[in-house]
Every structure is written in C-alpha cells, then in structure tokens.
>>> print(open('work-v9.txt').read())   # compact mmCIF, C-alpha atoms
# COMPACT_ATOMS: atom_id res chain seq x y z
CA MET A 127 100.79 112.58 88.83
CA THR A 128 103.27 114.70 86.93
CA ALA A 129 105.24 113.40 83.97
CA ALA A 130 108.40 113.70 86.09
CA ILE A 131 107.01 111.36 88.77
CA ALA A 132 105.91 108.87 86.13
CA ARG A 133 109.37 109.01 84.57
CA ASN A 134 110.93 108.36 87.97
CA THR A 135 108.81 105.25 88.46
CA ILE A 136 109.62 103.95 84.98
CA ASP A 137 113.30 104.58 85.65
CA ALA A 138 113.03 102.72 88.97
CA ALA A 139 111.54 99.68 87.23
CA ARG A 140 114.27 99.71 84.58
CA ALA A 141 117.03 100.16 87.16
CA LEU A 142 115.71 97.27 89.24
CA PHE A 143 115.57 95.10 86.13
CA ALA A 144 119.21 95.82 85.38
CA GLU A 145 120.20 95.17 89.01
CA ARG A 146 118.34 91.88 89.47
CA PHE A 147 118.71 90.39 86.00
CA ASP A 148 121.96 91.94 84.74
CA ALA A 149 120.31 92.92 81.46
CA GLU A 150 118.24 95.67 79.88
CA PRO A 151 114.45 95.42 79.43
CA VAL A 152 112.87 95.68 76.00
CA GLY A 153 110.22 98.06 77.29
CA THR A 154 107.90 99.05 80.12
CA TRP A 155 104.16 98.74 80.53
CA SER A 156 101.93 100.23 83.22
CA SER A 157 98.48 100.07 84.72
CA PRO A 158 96.76 102.44 87.16
CA GLY A 159 95.21 102.12 90.54
CA ARG A 160 91.61 103.15 90.86
CA VAL A 161 89.20 105.04 93.04
CA ASN A 162 85.69 103.72 93.31
CA LEU A 163 83.39 106.73 93.26
CA ILE A 164 80.49 104.60 94.50
CA GLY A 165 79.42 100.95 94.52
CA GLU A 166 81.20 99.04 97.26
CA HIS A 167 80.96 95.24 97.66
CA THR A 168 78.43 95.14 94.85
CA ASP A 169 80.79 93.70 92.23
CA TYR A 170 80.94 90.12 93.47
CA ASN A 171 77.17 90.25 93.88
CA ASP A 172 76.73 90.79 90.10
CA GLY A 173 75.83 94.41 90.75
CA PHE A 174 76.84 97.87 89.57
CA VAL A 175 79.97 99.93 90.24
CA LEU A 176 81.34 103.32 89.19
CA PRO A 177 85.14 103.40 89.48
CA PHE A 178 87.74 105.44 87.66
CA ALA A 179 91.43 104.89 86.97
CA ILE A 180 93.80 107.32 88.69
CA GLN A 181 97.13 108.84 87.74
CA HIS A 182 99.09 106.63 90.16
CA ARG A 183 100.48 103.63 88.27
CA THR A 184 102.46 100.41 88.56
CA HIS A 185 105.16 100.06 85.91
CA VAL A 186 106.78 96.80 84.84
CA ALA A 187 110.00 96.48 82.89
CA LEU A 188 110.18 93.25 80.89
CA ALA A 189 112.46 91.29 78.62
CA PRO A 190 112.10 87.81 77.14
CA ARG A 191 114.78 85.41 78.30
CA THR A 192 117.39 84.63 75.68
CA ASP A 193 118.97 81.62 77.40
CA GLY A 194 116.29 79.12 76.40
CA VAL A 195 115.12 78.71 80.01
CA PHE A 196 111.31 78.57 80.20
CA ARG A 197 110.87 80.36 83.50
CA VAL A 198 109.20 83.54 84.65
CA ARG A 199 111.10 85.64 87.18
CA VAL A 200 109.63 88.62 89.02
CA ALA A 201 111.25 91.31 91.15
CA SER A 202 109.83 94.39 92.84
CA THR A 203 111.10 97.55 94.48
CA PHE A 204 108.92 96.78 97.49
CA ASP A 205 110.53 93.41 98.24
CA ASP A 206 114.11 92.19 98.36
CA THR A 207 113.36 88.75 96.99
CA THR A 208 113.22 87.59 93.39
CA ALA A 209 110.67 84.85 92.80
CA GLU A 210 110.66 82.46 89.88
CA VAL A 211 108.60 79.54 88.61
CA ALA A 212 109.02 77.36 85.54
CA LEU A 213 106.29 78.09 83.00
CA ASP A 214 105.24 74.46 82.90
CA ALA A 215 105.08 74.39 86.72
CA LEU A 216 102.60 77.27 87.07
CA ASP A 217 99.75 74.76 86.92
CA VAL A 218 101.29 72.93 89.86
CA VAL A 219 101.91 76.02 91.97
CA PHE A 220 98.49 77.61 91.43
CA PRO A 221 96.23 77.39 93.18
CA ASP A 222 97.12 74.44 95.41
CA GLN A 223 100.74 75.28 96.24
CA ARG A 224 100.52 79.08 96.17
CA ASP A 225 101.86 79.32 99.73
CA ASP A 226 105.26 78.29 98.36
CA VAL A 227 105.43 81.68 96.59
CA PRO A 228 105.86 85.05 98.39
CA GLU A 229 102.49 86.81 98.64
CA TRP A 230 103.44 89.81 96.50
CA ALA A 231 104.76 87.51 93.74
CA ARG A 232 101.48 85.60 93.52
CA TYR A 233 99.92 88.57 91.73
CA PRO A 234 102.18 88.65 88.64
CA LEU A 235 102.92 84.92 88.62
CA GLY A 236 99.21 84.23 89.04
CA VAL A 237 98.48 86.42 86.03
CA ALA A 238 101.02 84.45 83.95
CA TRP A 239 99.30 81.23 85.01
CA ALA A 240 95.78 82.52 84.32
CA LEU A 241 96.83 84.12 81.02
CA LEU A 242 98.25 80.87 79.64
CA ALA A 243 95.16 78.97 80.76
CA ALA A 244 92.65 81.47 79.37
CA SER A 245 94.37 81.66 76.00
CA GLY A 246 94.86 77.89 75.74
CA THR A 247 98.58 78.44 75.26
CA ASP A 248 101.05 75.63 75.85
CA PRO A 249 103.88 76.90 78.09
CA ALA A 250 106.33 75.34 75.64
CA ASP A 251 105.09 77.74 72.95
CA VAL A 252 106.10 80.96 74.73
CA THR A 253 109.42 82.30 75.89
CA GLY A 254 110.54 82.70 79.47
CA VAL A 255 110.38 86.28 80.78
CA ASP A 256 111.87 88.50 83.45
CA LEU A 257 109.79 91.28 85.01
CA ALA A 258 110.67 94.08 87.43
CA PHE A 259 108.01 96.22 89.08
CA ALA A 260 107.96 99.72 90.54
CA SER A 261 104.84 101.57 91.66
CA ASP A 262 103.55 104.77 93.16
CA VAL A 263 100.08 103.35 93.89
CA PRO A 264 99.71 103.45 97.69
CA VAL A 265 99.56 99.90 99.07
CA GLY A 266 96.72 99.04 101.46
CA ALA A 267 94.88 102.32 100.87
CA GLY A 268 91.90 100.89 99.01
CA LEU A 269 93.20 102.20 95.67
CA SER A 270 93.74 98.72 94.21
CA SER A 271 97.48 98.44 94.02
CA SER A 272 96.85 94.74 93.34
CA ALA A 273 94.82 95.36 90.17
CA ALA A 274 97.54 97.74 88.98
CA ILE A 275 100.10 94.93 89.24
CA GLU A 276 97.74 92.51 87.52
CA GLY A 277 96.88 94.91 84.72
CA ALA A 278 100.50 95.83 84.02
CA THR A 279 101.50 92.16 83.99
CA ALA A 280 98.61 91.16 81.76
CA VAL A 281 99.22 93.75 79.04
CA ALA A 282 102.99 93.21 79.13
CA LEU A 283 102.79 89.44 78.84
CA ALA A 284 99.99 89.51 76.25
CA ASP A 285 102.07 91.84 74.09
CA THR A 286 105.27 89.84 74.57
CA TRP A 287 103.67 86.47 73.92
CA GLY A 288 101.53 87.71 71.02
CA LEU A 289 98.24 86.79 72.68
CA GLU A 290 95.31 88.68 71.16
CA LEU A 291 92.95 89.12 74.09
CA ASP A 292 90.66 92.09 74.64
CA ARG A 293 90.61 94.18 77.79
CA VAL A 294 87.63 92.37 79.31
CA ALA A 295 89.41 89.04 78.88
CA LEU A 296 92.51 90.49 80.55
CA ALA A 297 90.37 91.77 83.43
CA LYS A 298 88.95 88.28 83.92
CA ILE A 299 92.49 86.92 83.99
CA GLY A 300 93.45 89.43 86.68
CA ARG A 301 90.41 88.51 88.74
CA ARG A 302 91.22 84.81 88.51
CA ALA A 303 94.77 85.50 89.62
CA GLU A 304 93.53 87.46 92.63
CA ASN A 305 90.84 84.93 93.54
CA GLU A 306 92.79 81.70 93.07
CA ALA A 307 96.50 82.49 92.95
CA VAL A 308 96.37 85.03 95.79
CA GLY A 309 93.27 83.77 97.59
CA ALA A 310 91.38 87.06 97.83
CA PRO A 311 87.65 86.66 97.06
CA THR A 312 87.27 89.94 95.16
CA GLY A 313 85.07 90.83 92.23
CA ILE A 314 86.13 92.19 88.84
CA MET A 315 85.63 95.92 89.37
CA ASP A 316 89.24 96.80 90.10
CA GLN A 317 90.67 94.99 87.09
CA MET A 318 88.07 96.49 84.75
CA ALA A 319 88.74 100.01 86.00
CA SER A 320 92.50 99.58 85.69
CA LEU A 321 92.30 98.21 82.15
CA LEU A 322 89.46 100.37 80.75
CA GLY A 323 90.17 103.74 82.39
CA ARG A 324 89.58 106.95 80.43
CA PRO A 325 90.67 110.53 81.21
CA ASP A 326 88.05 112.66 83.00
CA ALA A 327 85.58 109.78 83.11
CA ALA A 328 84.36 106.90 85.22
CA ILE A 329 83.46 103.39 84.08
CA PHE A 330 79.86 102.41 84.79
CA LEU A 331 80.15 98.65 84.97
CA ASP A 332 77.49 95.97 85.06
CA CYS A 333 79.40 93.23 86.87
CA ARG A 334 77.07 90.50 85.58
CA SER A 335 77.20 91.22 81.86
CA LEU A 336 80.55 93.07 82.05
CA GLN A 337 79.01 95.76 79.88
CA ALA A 338 80.92 98.97 80.51
CA GLU A 339 79.85 102.53 79.71
CA VAL A 340 81.99 105.64 79.93
CA VAL A 341 80.41 108.29 82.15
CA ASP A 342 81.80 111.80 81.96
CA LEU A 343 82.54 113.13 85.43
CA GLY A 344 83.00 116.82 84.68
CA PHE A 345 85.00 117.49 87.83
CA ALA A 346 87.33 120.04 86.22
CA GLU A 347 84.54 121.97 84.52
CA ALA A 348 82.64 122.15 87.81
CA GLY A 349 85.74 123.32 89.72
CA LEU A 350 85.89 120.14 91.80
CA GLU A 351 88.71 117.99 93.12
CA LEU A 352 88.55 114.41 94.37
CA VAL A 353 90.56 114.31 97.58
CA VAL A 354 91.87 111.01 98.96
CA ILE A 355 92.43 110.80 102.71
CA ASP A 356 94.56 107.71 103.26
CA THR A 357 94.19 106.70 106.89
CA ASN A 358 97.38 104.60 106.69
CA VAL A 359 95.44 101.79 108.37
CA LYS A 360 96.45 98.86 106.22
CA HIS A 361 94.00 96.21 105.13
CA SER A 362 94.11 92.91 103.30
CA HIS A 363 91.32 91.44 101.19
CA ALA A 364 92.55 87.93 101.91
CA THR A 365 91.70 88.25 105.60
CA GLY A 366 88.58 86.83 107.20
CA GLY A 367 86.37 89.92 107.39
CA TYR A 368 86.02 90.22 103.64
CA GLY A 369 85.26 86.55 103.18
CA GLU A 370 82.68 86.56 105.97
CA ARG A 371 80.77 89.38 104.32
CA ARG A 372 80.81 87.67 100.97
CA ALA A 373 79.43 84.54 102.64
CA ALA A 374 76.63 86.61 104.23
CA CYS A 375 75.70 87.95 100.80
CA GLU A 376 75.54 84.42 99.44
CA ARG A 377 73.31 83.36 102.36
CA GLY A 378 70.95 86.21 101.65
CA ALA A 379 70.70 85.36 97.96
CA ALA A 380 70.08 81.71 98.77
CA ALA A 381 67.33 82.62 101.26
CA LEU A 382 65.51 84.54 98.53
CA GLY A 383 66.16 81.88 95.90
CA VAL A 384 68.05 84.16 93.51
CA PRO A 385 71.45 83.69 91.83
CA ALA A 386 72.92 86.88 93.33
CA LEU A 387 71.94 90.00 95.22
CA ARG A 388 71.79 91.82 91.89
CA ASP A 389 68.37 90.18 91.59
CA VAL A 390 67.08 91.64 94.86
CA SER A 391 65.32 95.01 95.01
CA VAL A 392 64.69 97.33 97.94
CA ASP A 393 61.08 96.10 97.92
CA ASP A 394 62.31 92.56 98.69
CA LEU A 395 64.02 93.56 101.93
CA PRO A 396 60.99 93.22 104.25
CA ARG A 397 60.55 89.60 103.14
CA LEU A 398 64.23 88.91 103.62
CA ALA A 399 64.07 90.21 107.19
CA GLU A 400 61.73 87.32 108.01
CA LEU A 401 64.11 84.71 106.57
CA VAL A 402 67.58 85.53 107.90
CA ASP A 403 69.32 86.77 111.03
CA ASP A 404 69.87 90.47 111.63
CA VAL A 405 73.53 90.51 110.60
CA THR A 406 72.85 88.78 107.29
CA PHE A 407 69.93 91.12 106.67
CA ARG A 408 72.04 94.23 107.20
CA ARG A 409 74.81 92.92 104.96
CA VAL A 410 72.28 92.32 102.19
CA ARG A 411 70.58 95.67 102.76
CA HIS A 412 73.87 97.44 102.14
CA VAL A 413 74.44 95.71 98.82
CA VAL A 414 70.88 96.20 97.60
CA THR A 415 70.73 99.88 98.50
CA GLU A 416 74.28 100.47 97.22
CA ASN A 417 73.32 99.09 93.82
CA GLN A 418 70.50 101.62 93.68
CA ARG A 419 72.85 104.41 94.74
CA VAL A 420 75.16 103.58 91.81
CA LEU A 421 72.27 103.83 89.36
CA ASP A 422 71.14 107.07 90.99
CA THR A 423 74.66 108.50 90.81
CA VAL A 424 75.02 107.75 87.11
CA ARG A 425 71.65 109.34 86.39
CA THR A 426 72.46 112.38 88.52
CA LEU A 427 75.84 112.91 86.87
CA ARG A 428 74.22 112.84 83.46
CA GLU A 429 71.26 115.04 84.35
CA GLN A 430 72.62 117.46 86.96
CA GLY A 431 76.38 117.11 87.08
CA PRO A 432 78.84 116.21 89.84
CA THR A 433 77.82 118.90 92.33
CA ALA A 434 74.54 117.02 92.90
CA ILE A 435 75.92 113.63 94.00
CA GLY A 436 77.06 114.54 97.51
CA ASP A 437 74.14 113.05 99.41
CA LEU A 438 74.57 109.73 97.62
CA LEU A 439 78.22 109.55 98.68
CA VAL A 440 77.32 110.30 102.29
CA ALA A 441 74.53 107.68 102.30
CA SER A 442 76.97 105.12 100.90
CA HIS A 443 79.39 105.69 103.76
CA ALA A 444 76.64 105.40 106.36
CA SER A 445 75.56 102.08 104.85
CA MET A 446 79.10 100.70 104.92
CA ARG A 447 79.59 101.91 108.46
CA ASP A 448 76.31 100.68 109.93
CA ASP A 449 75.06 97.80 107.76
CA PHE A 450 78.18 96.27 106.23
CA GLU A 451 80.37 97.28 109.17
CA ILE A 452 83.60 97.67 107.23
CA SER A 453 84.54 101.17 108.31
CA VAL A 454 87.00 101.96 111.08
CA PRO A 455 87.21 105.00 113.40
CA GLU A 456 89.87 106.62 111.22
CA LEU A 457 87.67 106.39 108.12
CA ASP A 458 84.69 107.82 109.97
CA ALA A 459 86.84 110.68 111.26
CA ALA A 460 88.09 111.43 107.74
CA VAL A 461 84.56 111.56 106.32
CA GLU A 462 83.21 113.70 109.16
CA ALA A 463 86.13 116.12 108.96
CA ALA A 464 85.79 116.53 105.21
CA LEU A 465 82.07 117.24 105.43
CA SER A 466 82.59 119.70 108.27
CA ALA A 467 85.10 121.57 106.10
CA GLY A 468 82.66 121.96 103.23
CA ALA A 469 83.07 118.83 101.09
CA ILE A 470 80.12 118.21 98.78
CA GLY A 471 80.19 114.54 99.75
CA ALA A 472 82.54 111.98 101.29
CA ARG A 473 82.73 108.24 101.85
CA MET A 474 85.19 105.46 102.51
CA THR A 475 86.35 103.72 99.34
CA GLY A 476 87.66 100.24 98.71
CA GLY A 477 87.15 96.99 100.57
CA GLY A 478 87.18 98.51 104.04
CA PHE A 479 88.79 97.61 107.37
CA GLY A 480 91.22 100.45 106.73
CA GLY A 481 92.39 102.20 103.61
CA ALA A 482 91.16 105.56 102.40
CA ALA A 483 88.20 107.90 102.29
CA ILE A 484 87.38 110.16 99.37
CA ALA A 485 85.85 113.61 99.41
CA LEU A 486 84.42 115.60 96.51
CA VAL A 487 85.54 119.14 97.17
CA ALA A 488 85.40 122.55 95.49
CA HIS A 489 88.88 123.55 94.40
CA ASP A 490 89.06 126.43 96.88
CA ARG A 491 88.13 124.14 99.81
CA VAL A 492 90.83 121.51 99.33
CA ASP A 493 93.20 123.09 101.83
CA ALA A 494 90.39 123.44 104.38
CA VAL A 495 89.53 119.74 104.03
CA ARG A 496 93.20 118.77 104.35
CA ASP A 497 93.59 120.88 107.47
CA ALA A 498 90.37 119.61 109.04
CA ALA A 499 91.26 115.95 108.49
CA THR A 500 94.78 116.44 109.83
CA ALA A 501 93.45 118.20 112.93
CA ALA A 502 90.75 115.57 113.53
CA PHE A 503 93.29 112.74 113.39
CA SER A 504 95.62 114.55 115.74
CA ALA A 505 92.81 115.24 118.23
CA ALA A 506 91.78 111.57 118.20
CA GLY A 507 95.33 110.32 118.69
CA PHE A 508 95.48 108.70 115.25
CA ALA A 509 98.60 108.59 113.12
CA ALA A 510 98.63 111.41 110.57
CA PRO A 511 96.75 110.69 107.33
CA THR A 512 98.25 111.03 103.88
CA ILE A 513 96.15 113.41 101.80
CA PHE A 514 96.31 113.97 98.04
CA THR A 515 94.09 114.57 95.04
CA VAL A 516 93.48 112.12 92.19
CA THR A 517 92.60 112.68 88.55
CA PRO A 518 90.58 110.30 86.35
CA SER A 519 93.16 108.86 83.97
CA VAL A 520 93.94 106.42 81.18
CA GLY A 521 94.01 102.65 81.72
CA ALA A 522 96.74 100.07 81.17
CA ALA A 523 99.13 100.62 78.27
CA ARG A 524 102.68 100.28 77.03
CA ASP A 525 104.60 103.31 78.26
>>> encode(input="work-v9.txt", output="structure tokens")
Amino acid sequence: MTAAIARNTIDAARALFAERFDAEPVGTWSSPGRVNLIGEHTDYNDGFVLPFAIQHRTHVALAPRTDGVFRVRVASTFDDTTAEVALDALDVVFPDQRDDVPEWARYPLGVAWALLAASGTDPADVTGVDLAFASDVPVGAGLSSSAAIEGATAVALADTWGLELDRVALAKIGRRAENEAVGAPTGIMDQMASLLGRPDAAIFLDCRSLQAEVVDLGFAEAGLELVVIDTNVKHSHATGGYGERRAACERGAAALGVPALRDVSVDDLPRLAELVDDVTFRRVRHVVTENQRVLDTVRTLREQGPTAIGDLLVASHASMRDDFEISVPELDAAVEAALSAGAIGARMTGGGFGGAAIALVAHDRVDAVRDAATAAFSAAGFAAPTIFTVTPSVGAARD
C-alpha cells in the first residue's frame, strides 16, 4: 500500500469522525490485516501458525469525550449507523445481550469490554470515547479485517486510557472480543499477527504458549511476490461450518484423551481411525498434518529460502480441500490457475468457505498468474476475482 493510499484512509477516518461527532479527533491509530502463509485451523487446536501482517490497514480516529458522559460511541465508513453503549453497561451487553448491537460494532465495543475486564479497570475510572473507523482491508476475503479492527481499537484505547498492557495481552483481548462479543469461535492467530507484525517477516507462533518468533521471509531478495486472489465469495466465521469443524477437532482430541490436537502426531492417526467416524478422522488429519507442514515450512525457509516451500503450500490446500472441506470451487480454480501459470506454490488462506487464495510467484510471472486466474474464473462462469500483491508489514501502531 502506498503512503498516499494510507493517507487517504486516515483522512477518511478523520472526516467521518468530524461528520458523526461534530468534533476533531486527537489522533489516529491503525492495525493491519494479515495473510496466513501456512497453518490453517491449527490455532484453536493449540498448534502452530505462520502469518504475516500486510500493508492493508484499518485506521481509527479517536477523541476522549469532554462532556462527562461515560459512553463509547463507534462509527464506520462501511455502515451508516453509529452505535453506543455506556461504559458501565458493557458488562450487561456482552456477551449475553450482544444481539442488541449491530454486528460490525460488536468488534470495537467488544474490545472495550474485554480491555476493561482484562486490566481490572473500573469503567468509572476512564473517560468516555468516540471512535471512527475507515479501512482498506478487504472484508470477507480471509485477510482478517476483524483482527485489524480489534487491534486498532485495542492500541487506541490502551493509549487513551493509560493501560500498560503488552501486545500479547492485547491480542488475548481481541480474541475474547471475537469469541464472546461477536460469537466467532476463532483462535488467536489473527490478533497476534496484526499486533506483532514486522516488515519482510512472518510470525512463527506457538498458539499454546503464545511464544512468537520472527522468521525472515526473504521474498524481495528471492525476486518473489505474494499474490492474493480474492474470489469475492464472502464468508463469515460466526456461521455453522466453522463451529462444526471446531467441534470435530474437540471430538478427536477427546477420543485420544489429549487436551488438544497439538498433542497428536501423524503416528497417532491410525489409532484414531479406529475410534472415530470418517469425517471426524479427516478433520483431525488435516490439523495434525498442517501442524507438521508449519514446522517444515519454518525449517525450509531458514535452511533453503522461500523458493523451496511451494510443495508445502500445495499440500496444505489439498488437505483443506479434501480433509477439512473448507474450500469452494472458486478457491480451487484460483489455486489451479496460479500453479498452471508458474506459481511456486498456492493455497487458500483464511477460515475457508470463500475468501482468498495466495500464490507465491516470481516477479516476472505475476501478470501471467493474474491473467490465468481471470481467464479461469471467466471460463467457469464465476464473478471476476480481485487480484493484488501483499507485502509483509509492521503491526498495530499510532499513525
């Protein structure tokens, strides 16, 4: 994303703030979306993931209220409504009465609720705030527009309220907001990537210990681009398919008597096949083999560089398509087209049931991949995809 585009999004947040609240913000904060290079549906199974923050960001303009009213108000460029809740009523609204709040507003309001709870802060001890959001993170594309909202809200409110919480604590707050205030049973990968992102690097995250290591990607030095093929098939993590797969993972862990699938190895799979039905077995097999692919990818990046990880990306997509069954025809078409046009590797990314595929591509093959994906979608009668490149970027910060 160019500096001009970022400036436009910041300006949009500030303009919306002035329009909705008839005042000027004291500043803007932002947090990025993310691409998960590999490690899908492993995070809530205490496993391993390898995401990186991208240049697309959500910006929030904020000002403390000066009228003595202890309320938090939120507005967004992607919705005409302004939602507000009294600070001392957040505990009433979330999680039991969340349906009284517009879905988009549950993300920032849920962060305010979880932030006060996690820090042990009495709502009477902080000021009311107004927040206005603008974003260029594609919504529903599997690039975690939700974590971008959560991360921007968390750093903005923590700064404003003087709450000294580290980035891991803020990621936990974002996850709680998504799980309980929104009702989406996601893991912590997205929030950690959005808050801990580093330029030209991925975050190798152990989702059990929350230990994070920076892994250099070396895309630029190797002459590679990471192409995103957004199918424009929208998905929602709060829908049933995601929850059903999480439940299958829990059944598999229970059958083997372990706390989570993190504790299951590939060698355990034959025994599991005797204990559970075929669907549960295949769901577990995806998670177990995907964990190993993350470890293999990290090792390969460090020992051989990014040109050697293509087969791992392809195997990941096949596992999500066949075992976890979260791909859709548009995602499969995007992956196949990219590989046919010379991509080193390709896979769907994100929670599935729509969203985007990624392809690791030599710089001089980007146009060929774009043309091949566009042609494949047209031939299949699909709506045209949106295709762009992403760059590993910095995490949440004050602008």
>>> atom_distance(input="work-v9.txt", atom1="atom CA of Glu370 of chain A", atom2="atom CA of Val263 of chain A")
27.0 Å
>>> closest_atom_pairs(input="work-v9.txt", of="segment 346-409 of chain A", to="segment 161-165 of chain A", cutoff="12 Å", atoms="only C-alpha atoms", output="tab-separated table")
residue	atom	partner	partner_atom	distance
A:Leu352	CA	A:Leu163	CA	9.3
A:Val353	CA	A:Val161	CA	10.4
A:Val354	CA	A:Val161	CA	8.8
A:Ile355	CA	A:Val161	CA	11.7
A:Asp356	CA	A:Val161	CA	11.8
>>> write_last_selection(input="work-v9.txt", atoms="C-alpha atoms", output="PDB file, keeping the file's coordinate frame")
ATOM      1  CA  LEU A 352      88.550 114.410  94.370  1.00  0.00           C
ATOM      2  CA  VAL A 353      90.560 114.310  97.580  1.00  0.00           C
ATOM      3  CA  VAL A 354      91.870 111.010  98.960  1.00  0.00           C
ATOM      4  CA  ILE A 355      92.430 110.800 102.710  1.00  0.00           C
ATOM      5  CA  ASP A 356      94.560 107.710 103.260  1.00  0.00           C
TER       6      ASP A 356
END
>>> atom_distance(input="work-v9.txt", atom1="atom CA of Gly481 of chain A", atom2="atom CA of Gly268 of chain A")
4.8 Å
>>> closest_residue(input="work-v9.txt", among="A:Ala260, A:Val255, A:Ala441, A:Val175", to="Ala472 of chain A", atoms="only C-alpha atoms")
A:Ala441
>>> closest_residue(input="work-v9.txt", among="A:Arg447, A:Arg302, A:Ile275, A:Thr154", to="Leu242 of chain A", atoms="all atoms listed in the file")
A:Arg302
>>> residues_around(input="work-v9.txt", residues="Pro190 of chain A", least_positions_apart="2", cutoff="7 Å", atoms="only C-alpha atoms", output="number ranges by chain")
A: 188, 192, 253-256
>>> write_last_selection(input="work-v9.txt", atoms="C-alpha atoms", output="mmCIF file, in the coordinates of the input")
data_model
loop_
_atom_site.group_PDB
_atom_site.id
_atom_site.type_symbol
_atom_site.label_atom_id
_atom_site.label_comp_id
_atom_site.auth_asym_id
_atom_site.auth_seq_id
_atom_site.Cartn_x
_atom_site.Cartn_y
_atom_site.Cartn_z
ATOM 1 C CA LEU A 188 110.180 93.250 80.890
ATOM 2 C CA THR A 192 117.390 84.630 75.680
ATOM 3 C CA THR A 253 109.420 82.300 75.890
ATOM 4 C CA GLY A 254 110.540 82.700 79.470
ATOM 5 C CA VAL A 255 110.380 86.280 80.780
ATOM 6 C CA ASP A 256 111.870 88.500 83.450
#
>>> closest_residue(input="work-v9.txt", among="A:Ala444, A:Ala138, A:Ala483, A:Leu176", to="Asp422 of chain A", atoms="all atoms listed in the file")
A:Leu176
